[in-house]
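See structure below.
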Amino acid sequence: MTGFVVVVSAALVLLLGLVCDGGRALTARMRAINTAQEAARSAAQAVDLAVYRRTGQLTLDPARAAAAARGYLAGTGDTPVSVTVVADRVTVTVGHAEDTQILRLAGLSRIQVTGTATAHAERGLAGGGGR
């Protein structure tokens, strides 16, 4: 009987760890996606003004856009996995690590997640758009 209780108790603790730390992993993934979205929005503001003035087309300055995304991520503590700039679009992938609480007992101390987002440059409203 005692062996059965030990096995069932261990299984319940593992199940509790999956529920608790699984929720933490989902939250960490949403945080990584949100951070990637903000970094991409920041990078999408790095319009190549020389090209825009010459052709009227919105394109991003790849070096400035990547630097803007990495600069934003420097303040979040998340790891930039990749920053890709193509024409008027920038895609940012962010890595985030979350410590576990209960699964640590089973030897899993950290959960690694990533989030990806894309933003593109847009023209503002004609006339300033404000009131």
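Chains: A, B, ... in order of the structure tokens. Residues: from 1 per chain. Ligands: from 1, in order shown.
All residues of protein, DNA or RNA that reach within 7 Å of A:His120, judged by only C-alpha atoms and not counting those fewer than 2 positions away in the chain, are A:Ala44, A:Asp88, A:Arg89, A:Val90, A:Thr118, A:Glu122.
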Selected residues written out, N, CA and C atoms, as a PDB file, in the first residue's frame:
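After the write, again11.pdb holds the following:
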```
ATOM      1  N   ALA A  44      10.243  49.170 -37.656  1.00  0.00           N
ATOM      2  CA  ALA A  44       9.514  49.583 -38.858  1.00  0.00           C
ATOM      3  C   ALA A  44       9.496  51.100 -39.032  1.00  0.00           C
ATOM      4  N   ASP A  88       9.932  46.881 -47.013  1.00  0.00           N
ATOM      5  CA  ASP A  88       9.250  47.674 -45.978  1.00  0.00           C
ATOM      6  C   ASP A  88       8.810  46.821 -44.793  1.00  0.00           C
ATOM      7  N   ARG A  89       9.294  45.584 -44.706  1.00  0.00           N
ATOM      8  CA  ARG A  89       8.890  44.671 -43.633  1.00  0.00           C
ATOM      9  C   ARG A  89      10.081  44.266 -42.771  1.00  0.00           C
ATOM     10  N   VAL A  90       9.795  44.111 -41.493  1.00  0.00           N
ATOM     11  CA  VAL A  90      10.812  43.626 -40.564  1.00  0.00           C
ATOM     12  C   VAL A  90      10.189  42.513 -39.724  1.00  0.00           C
ATOM     13  N   THR A 118       5.944  40.328 -37.251  1.00  0.00           N
ATOM     14  CA  THR A 118       6.328  41.108 -38.425  1.00  0.00           C
ATOM     15  C   THR A 118       5.574  42.427 -38.420  1.00  0.00           C
ATOM     16  N   GLU A 122       4.346  52.134 -42.887  1.00  0.00           N
ATOM     17  CA  GLU A 122       3.158  52.671 -43.547  1.00  0.00           C
ATOM     18  C   GLU A 122       3.252  54.179 -43.580  1.00  0.00           C
TER      19      GLU A 122
END
```
Exercise: A:Ala43 partners within 7 Å, only C-alpha atoms, chain neighbours under 6 positions left out, as a ChimeraX atom specification: /A:65-66,68-69,90
So that I have them on file, write out the residues from the current selection with C-alpha atoms, as a PDB file, in the first residue's frame.
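Contents of the output file again.pdb:
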```pdb
ATOM      1  CA  ALA A  65      15.922  48.873 -38.465  1.00  0.00           C
ATOM      2  CA  ALA A  66      17.937  45.972 -37.030  1.00  0.00           C
ATOM      3  CA  ALA A  68      16.277  49.736 -33.480  1.00  0.00           C
ATOM      4  CA  ALA A  69      14.894  46.241 -32.857  1.00  0.00           C
ATOM      5  CA  VAL A  90      10.812  43.626 -40.564  1.00  0.00           C
TER       6      VAL A  90
END
```
Within 12 Å of A:Ala67 using only C-alpha atoms, minus same-chain residues under 2 positions, as a count of residues only: 26
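Between atom CA of A:Val113 and atom CA of A:Arg29 there is a distance of 5.7 Å.
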All strand (DSSP E) residues (DSSP, backbone) inside chain A, as a PyMOL selection string: chain A and resi 79-86+89-99+110-120
Mind writing the picked residues with C-alpha atoms as a PDB file, in the first residue's frame?
```
ATOM      1  CA  THR A  79      17.322  37.517 -26.428  1.00  0.00           C
ATOM      2  CA  PRO A  80      17.111  38.600 -30.061  1.00  0.00           C
ATOM      3  CA  VAL A  81      17.149  35.370 -32.091  1.00  0.00           C
ATOM      4  CA  SER A  82      16.854  37.038 -35.487  1.00  0.00           C
ATOM      5  CA  VAL A  83      15.964  40.359 -37.102  1.00  0.00           C
ATOM      6  CA  THR A  84      15.189  40.201 -40.831  1.00  0.00           C
ATOM      7  CA  VAL A  85      14.521  43.313 -42.914  1.00  0.00           C
ATOM      8  CA  VAL A  86      13.141  43.014 -46.454  1.00  0.00           C
ATOM      9  CA  ARG A  89       8.890  44.671 -43.633  1.00  0.00           C
ATOM     10  CA  VAL A  90      10.812  43.626 -40.564  1.00  0.00           C
ATOM     11  CA  THR A  91      10.455  40.273 -38.816  1.00  0.00           C
ATOM     12  CA  VAL A  92      11.776  39.826 -35.292  1.00  0.00           C
ATOM     13  CA  THR A  93      12.148  36.542 -33.414  1.00  0.00           C
ATOM     14  CA  VAL A  94      12.734  36.739 -29.676  1.00  0.00           C
ATOM     15  CA  GLY A  95      13.883  34.068 -27.229  1.00  0.00           C
ATOM     16  CA  HIS A  96      12.655  34.030 -23.648  1.00  0.00           C
ATOM     17  CA  ALA A  97      13.553  31.706 -20.770  1.00  0.00           C
ATOM     18  CA  GLU A  98      11.206  31.058 -17.871  1.00  0.00           C
ATOM     19  CA  ASP A  99      12.181  29.278 -14.650  1.00  0.00           C
ATOM     20  CA  ARG A 110      13.959  26.268 -17.337  1.00  0.00           C
ATOM     21  CA  ILE A 111      11.588  26.456 -20.264  1.00  0.00           C
ATOM     22  CA  GLN A 112      12.843  28.146 -23.456  1.00  0.00           C
ATOM     23  CA  VAL A 113      10.244  29.743 -25.754  1.00  0.00           C
ATOM     24  CA  THR A 114      10.343  31.979 -28.829  1.00  0.00           C
ATOM     25  CA  GLY A 115       7.976  34.524 -30.309  1.00  0.00           C
ATOM     26  CA  THR A 116       7.950  35.994 -33.816  1.00  0.00           C
ATOM     27  CA  ALA A 117       6.267  39.095 -35.210  1.00  0.00           C
ATOM     28  CA  THR A 118       6.328  41.108 -38.425  1.00  0.00           C
ATOM     29  CA  ALA A 119       5.656  44.816 -38.922  1.00  0.00           C
ATOM     30  CA  HIS A 120       5.787  46.988 -41.996  1.00  0.00           C
TER      31      HIS A 120
END
```
All helix (DSSP H, G or I) positions in stretch 17-124 of chain A, as a PDB file with N, CA and C atoms, in the first residue's frame:
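Saved result, out-v2.pdb, follows:
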```pdb
ATOM      1  N   GLY A  17       2.784  19.940 -11.700  1.00  0.00           N
ATOM      2  CA  GLY A  17       3.867  20.657 -12.351  1.00  0.00           C
ATOM      3  C   GLY A  17       3.565  20.949 -13.807  1.00  0.00           C
ATOM      4  N   LEU A  18       2.965  19.992 -14.507  1.00  0.00           N
ATOM      5  CA  LEU A  18       2.604  20.216 -15.902  1.00  0.00           C
ATOM      6  C   LEU A  18       1.569  21.321 -16.035  1.00  0.00           C
ATOM      7  N   VAL A  19       0.600  21.340 -15.133  1.00  0.00           N
ATOM      8  CA  VAL A  19      -0.438  22.368 -15.187  1.00  0.00           C
ATOM      9  C   VAL A  19       0.143  23.737 -14.828  1.00  0.00           C
ATOM     10  N   CYS A  20       0.836  23.816 -13.723  1.00  0.00           N
ATOM     11  CA  CYS A  20       1.378  25.096 -13.245  1.00  0.00           C
ATOM     12  C   CYS A  20       2.450  25.632 -14.188  1.00  0.00           C
ATOM     13  N   ASP A  21       3.460  24.833 -14.464  1.00  0.00           N
ATOM     14  CA  ASP A  21       4.560  25.295 -15.302  1.00  0.00           C
ATOM     15  C   ASP A  21       4.165  25.362 -16.770  1.00  0.00           C
ATOM     16  N   GLY A  22       3.187  24.567 -17.179  1.00  0.00           N
ATOM     17  CA  GLY A  22       2.655  24.691 -18.535  1.00  0.00           C
ATOM     18  C   GLY A  22       1.990  26.047 -18.728  1.00  0.00           C
ATOM     19  N   GLY A  23       1.277  26.499 -17.720  1.00  0.00           N
ATOM     20  CA  GLY A  23       0.679  27.839 -17.758  1.00  0.00           C
ATOM     21  C   GLY A  23       1.744  28.917 -17.808  1.00  0.00           C
ATOM     22  N   ARG A  24       2.816  28.716 -17.059  1.00  0.00           N
ATOM     23  CA  ARG A  24       3.929  29.672 -17.096  1.00  0.00           C
ATOM     24  C   ARG A  24       4.575  29.691 -18.481  1.00  0.00           C
ATOM     25  N   ALA A  25       4.663  28.532 -19.133  1.00  0.00           N
ATOM     26  CA  ALA A  25       5.243  28.466 -20.479  1.00  0.00           C
ATOM     27  C   ALA A  25       4.365  29.207 -21.484  1.00  0.00           C
ATOM     28  N   LEU A  26       3.048  29.057 -21.367  1.00  0.00           N
ATOM     29  CA  LEU A  26       2.141  29.782 -22.268  1.00  0.00           C
ATOM     30  C   LEU A  26       2.254  31.287 -22.060  1.00  0.00           C
ATOM     31  N   THR A  27       2.333  31.696 -20.814  1.00  0.00           N
ATOM     32  CA  THR A  27       2.488  33.120 -20.504  1.00  0.00           C
ATOM     33  C   THR A  27       3.824  33.638 -21.042  1.00  0.00           C
ATOM     34  N   ALA A  28       4.875  32.858 -20.907  1.00  0.00           N
ATOM     35  CA  ALA A  28       6.190  33.258 -21.414  1.00  0.00           C
ATOM     36  C   ALA A  28       6.159  33.384 -22.936  1.00  0.00           C
ATOM     37  N   ARG A  29       5.455  32.483 -23.602  1.00  0.00           N
ATOM     38  CA  ARG A  29       5.360  32.558 -25.067  1.00  0.00           C
ATOM     39  C   ARG A  29       4.615  33.820 -25.489  1.00  0.00           C
ATOM     40  N   MET A  30       3.529  34.150 -24.805  1.00  0.00           N
ATOM     41  CA  MET A  30       2.799  35.379 -25.122  1.00  0.00           C
ATOM     42  C   MET A  30       3.674  36.602 -24.871  1.00  0.00           C
ATOM     43  N   ARG A  31       4.462  36.564 -23.820  1.00  0.00           N
ATOM     44  CA  ARG A  31       5.370  37.679 -23.541  1.00  0.00           C
ATOM     45  C   ARG A  31       6.404  37.817 -24.659  1.00  0.00           C
ATOM     46  N   ALA A  32       6.932  36.685 -25.125  1.00  0.00           N
ATOM     47  CA  ALA A  32       7.925  36.727 -26.208  1.00  0.00           C
ATOM     48  C   ALA A  32       7.298  37.278 -27.486  1.00  0.00           C
ATOM     49  N   ILE A  33       6.069  36.892 -27.782  1.00  0.00           N
ATOM     50  CA  ILE A  33       5.377  37.401 -28.979  1.00  0.00           C
ATOM     51  C   ILE A  33       5.133  38.902 -28.839  1.00  0.00           C
ATOM     52  N   ASN A  34       4.661  39.334 -27.682  1.00  0.00           N
ATOM     53  CA  ASN A  34       4.418  40.766 -27.461  1.00  0.00           C
ATOM     54  C   ASN A  34       5.712  41.573 -27.584  1.00  0.00           C
ATOM     55  N   THR A  35       6.780  41.053 -27.030  1.00  0.00           N
ATOM     56  CA  THR A  35       8.067  41.743 -27.117  1.00  0.00           C
ATOM     57  C   THR A  35       8.540  41.810 -28.567  1.00  0.00           C
ATOM     58  N   ALA A  36       8.368  40.718 -29.310  1.00  0.00           N
ATOM     59  CA  ALA A  36       8.748  40.707 -30.729  1.00  0.00           C
ATOM     60  C   ALA A  36       7.916  41.712 -31.518  1.00  0.00           C
ATOM     61  N   GLN A  37       6.629  41.826 -31.192  1.00  0.00           N
ATOM     62  CA  GLN A  37       5.771  42.804 -31.874  1.00  0.00           C
ATOM     63  C   GLN A  37       6.252  44.227 -31.632  1.00  0.00           C
ATOM     64  N   GLU A  38       6.570  44.545 -30.409  1.00  0.00           N
ATOM     65  CA  GLU A  38       7.029  45.895 -30.090  1.00  0.00           C
ATOM     66  C   GLU A  38       8.383  46.190 -30.730  1.00  0.00           C
ATOM     67  N   ALA A  39       9.277  45.212 -30.734  1.00  0.00           N
ATOM     68  CA  ALA A  39      10.580  45.417 -31.368  1.00  0.00           C
ATOM     69  C   ALA A  39      10.417  45.609 -32.874  1.00  0.00           C
ATOM     70  N   ALA A  40       9.512  44.851 -33.490  1.00  0.00           N
ATOM     71  CA  ALA A  40       9.270  44.992 -34.930  1.00  0.00           C
ATOM     72  C   ALA A  40       8.656  46.353 -35.241  1.00  0.00           C
ATOM     73  N   ARG A  41       7.717  46.813 -34.401  1.00  0.00           N
ATOM     74  CA  ARG A  41       7.132  48.144 -34.608  1.00  0.00           C
ATOM     75  C   ARG A  41       8.198  49.232 -34.498  1.00  0.00           C
ATOM     76  N   SER A  42       9.084  49.078 -33.548  1.00  0.00           N
ATOM     77  CA  SER A  42      10.163  50.039 -33.376  1.00  0.00           C
ATOM     78  C   SER A  42      11.063  50.059 -34.612  1.00  0.00           C
ATOM     79  N   ALA A  43      11.369  48.896 -35.128  1.00  0.00           N
ATOM     80  CA  ALA A  43      12.239  48.791 -36.299  1.00  0.00           C
ATOM     81  C   ALA A  43      11.555  49.309 -37.563  1.00  0.00           C
ATOM     82  N   LEU A  49      15.007  57.359 -45.816  1.00  0.00           N
ATOM     83  CA  LEU A  49      14.485  58.624 -46.329  1.00  0.00           C
ATOM     84  C   LEU A  49      15.024  58.975 -47.712  1.00  0.00           C
ATOM     85  N   ALA A  50      16.263  58.608 -48.000  1.00  0.00           N
ATOM     86  CA  ALA A  50      16.831  58.909 -49.321  1.00  0.00           C
ATOM     87  C   ALA A  50      16.038  58.186 -50.419  1.00  0.00           C
ATOM     88  N   VAL A  51      15.718  56.931 -50.202  1.00  0.00           N
ATOM     89  CA  VAL A  51      14.930  56.171 -51.186  1.00  0.00           C
ATOM     90  C   VAL A  51      13.520  56.738 -51.278  1.00  0.00           C
ATOM     91  N   TYR A  52      12.941  57.072 -50.134  1.00  0.00           N
ATOM     92  CA  TYR A  52      11.573  57.613 -50.139  1.00  0.00           C
ATOM     93  C   TYR A  52      11.508  58.938 -50.895  1.00  0.00           C
ATOM     94  N   ARG A  53      12.461  59.804 -50.669  1.00  0.00           N
ATOM     95  CA  ARG A  53      12.470  61.104 -51.360  1.00  0.00           C
ATOM     96  C   ARG A  53      12.715  60.955 -52.860  1.00  0.00           C
ATOM     97  N   ARG A  54      13.513  59.975 -53.213  1.00  0.00           N
ATOM     98  CA  ARG A  54      13.847  59.771 -54.620  1.00  0.00           C
ATOM     99  C   ARG A  54      12.726  59.056 -55.378  1.00  0.00           C
ATOM    100  N   THR A  55      12.098  58.038 -54.759  1.00  0.00           N
ATOM    101  CA  THR A  55      11.132  57.199 -55.479  1.00  0.00           C
ATOM    102  C   THR A  55       9.706  57.275 -54.945  1.00  0.00           C
ATOM    103  N   PRO A  62      17.986  48.748 -43.597  1.00  0.00           N
ATOM    104  CA  PRO A  62      18.180  47.490 -42.857  1.00  0.00           C
ATOM    105  C   PRO A  62      19.044  47.633 -41.603  1.00  0.00           C
ATOM    106  N   ALA A  63      20.127  48.375 -41.694  1.00  0.00           N
ATOM    107  CA  ALA A  63      21.023  48.515 -40.536  1.00  0.00           C
ATOM    108  C   ALA A  63      20.332  49.271 -39.402  1.00  0.00           C
ATOM    109  N   ARG A  64      19.660  50.373 -39.735  1.00  0.00           N
ATOM    110  CA  ARG A  64      18.964  51.154 -38.698  1.00  0.00           C
ATOM    111  C   ARG A  64      17.794  50.383 -38.111  1.00  0.00           C
ATOM    112  N   ALA A  65      17.067  49.646 -38.951  1.00  0.00           N
ATOM    113  CA  ALA A  65      15.922  48.873 -38.465  1.00  0.00           C
ATOM    114  C   ALA A  65      16.377  47.769 -37.513  1.00  0.00           C
ATOM    115  N   ALA A  66      17.419  47.040 -37.896  1.00  0.00           N
ATOM    116  CA  ALA A  66      17.937  45.972 -37.030  1.00  0.00           C
ATOM    117  C   ALA A  66      18.456  46.557 -35.720  1.00  0.00           C
ATOM    118  N   ALA A  67      19.139  47.702 -35.798  1.00  0.00           N
ATOM    119  CA  ALA A  67      19.652  48.343 -34.582  1.00  0.00           C
ATOM    120  C   ALA A  67      18.502  48.797 -33.686  1.00  0.00           C
ATOM    121  N   ALA A  68      17.429  49.308 -34.278  1.00  0.00           N
ATOM    122  CA  ALA A  68      16.277  49.736 -33.480  1.00  0.00           C
ATOM    123  C   ALA A  68      15.630  48.551 -32.773  1.00  0.00           C
ATOM    124  N   ALA A  69      15.487  47.435 -33.474  1.00  0.00           N
ATOM    125  CA  ALA A  69      14.894  46.241 -32.857  1.00  0.00           C
ATOM    126  C   ALA A  69      15.778  45.730 -31.729  1.00  0.00           C
ATOM    127  N   ARG A  70      17.064  45.637 -31.974  1.00  0.00           N
ATOM    128  CA  ARG A  70      17.983  45.152 -30.935  1.00  0.00           C
ATOM    129  C   ARG A  70      18.059  46.131 -29.766  1.00  0.00           C
ATOM    130  N   GLY A  71      17.975  47.418 -30.065  1.00  0.00           N
ATOM    131  CA  GLY A  71      17.961  48.418 -29.000  1.00  0.00           C
ATOM    132  C   GLY A  71      16.738  48.272 -28.106  1.00  0.00           C
ATOM    133  N   TYR A  72      15.584  48.022 -28.722  1.00  0.00           N
ATOM    134  CA  TYR A  72      14.376  47.807 -27.924  1.00  0.00           C
ATOM    135  C   TYR A  72      14.540  46.556 -27.059  1.00  0.00           C
ATOM    136  N   LEU A  73      15.047  45.480 -27.665  1.00  0.00           N
ATOM    137  CA  LEU A  73      15.179  44.220 -26.932  1.00  0.00           C
ATOM    138  C   LEU A  73      16.203  44.304 -25.807  1.00  0.00           C
ATOM    139  N   ALA A  74      17.180  45.198 -25.933  1.00  0.00           N
ATOM    140  CA  ALA A  74      18.181  45.346 -24.878  1.00  0.00           C
ATOM    141  C   ALA A  74      17.545  45.757 -23.559  1.00  0.00           C
ATOM    142  N   LEU A 103       8.208  21.590 -11.901  1.00  0.00           N
ATOM    143  CA  LEU A 103       8.919  20.627 -12.738  1.00  0.00           C
ATOM    144  C   LEU A 103      10.416  20.603 -12.449  1.00  0.00           C
ATOM    145  N   ARG A 104      10.879  21.579 -11.698  1.00  0.00           N
ATOM    146  CA  ARG A 104      12.270  21.586 -11.244  1.00  0.00           C
ATOM    147  C   ARG A 104      12.574  20.306 -10.459  1.00  0.00           C
ATOM    148  N   LEU A 105      11.568  19.794  -9.753  1.00  0.00           N
ATOM    149  CA  LEU A 105      11.738  18.556  -8.996  1.00  0.00           C
ATOM    150  C   LEU A 105      12.006  17.368  -9.909  1.00  0.00           C
ATOM    151  N   ALA A 106      11.539  17.440 -11.153  1.00  0.00           N
ATOM    152  CA  ALA A 106      11.747  16.364 -12.124  1.00  0.00           C
ATOM    153  C   ALA A 106      12.979  16.624 -12.987  1.00  0.00           C
TER     154      ALA A 106
END
```
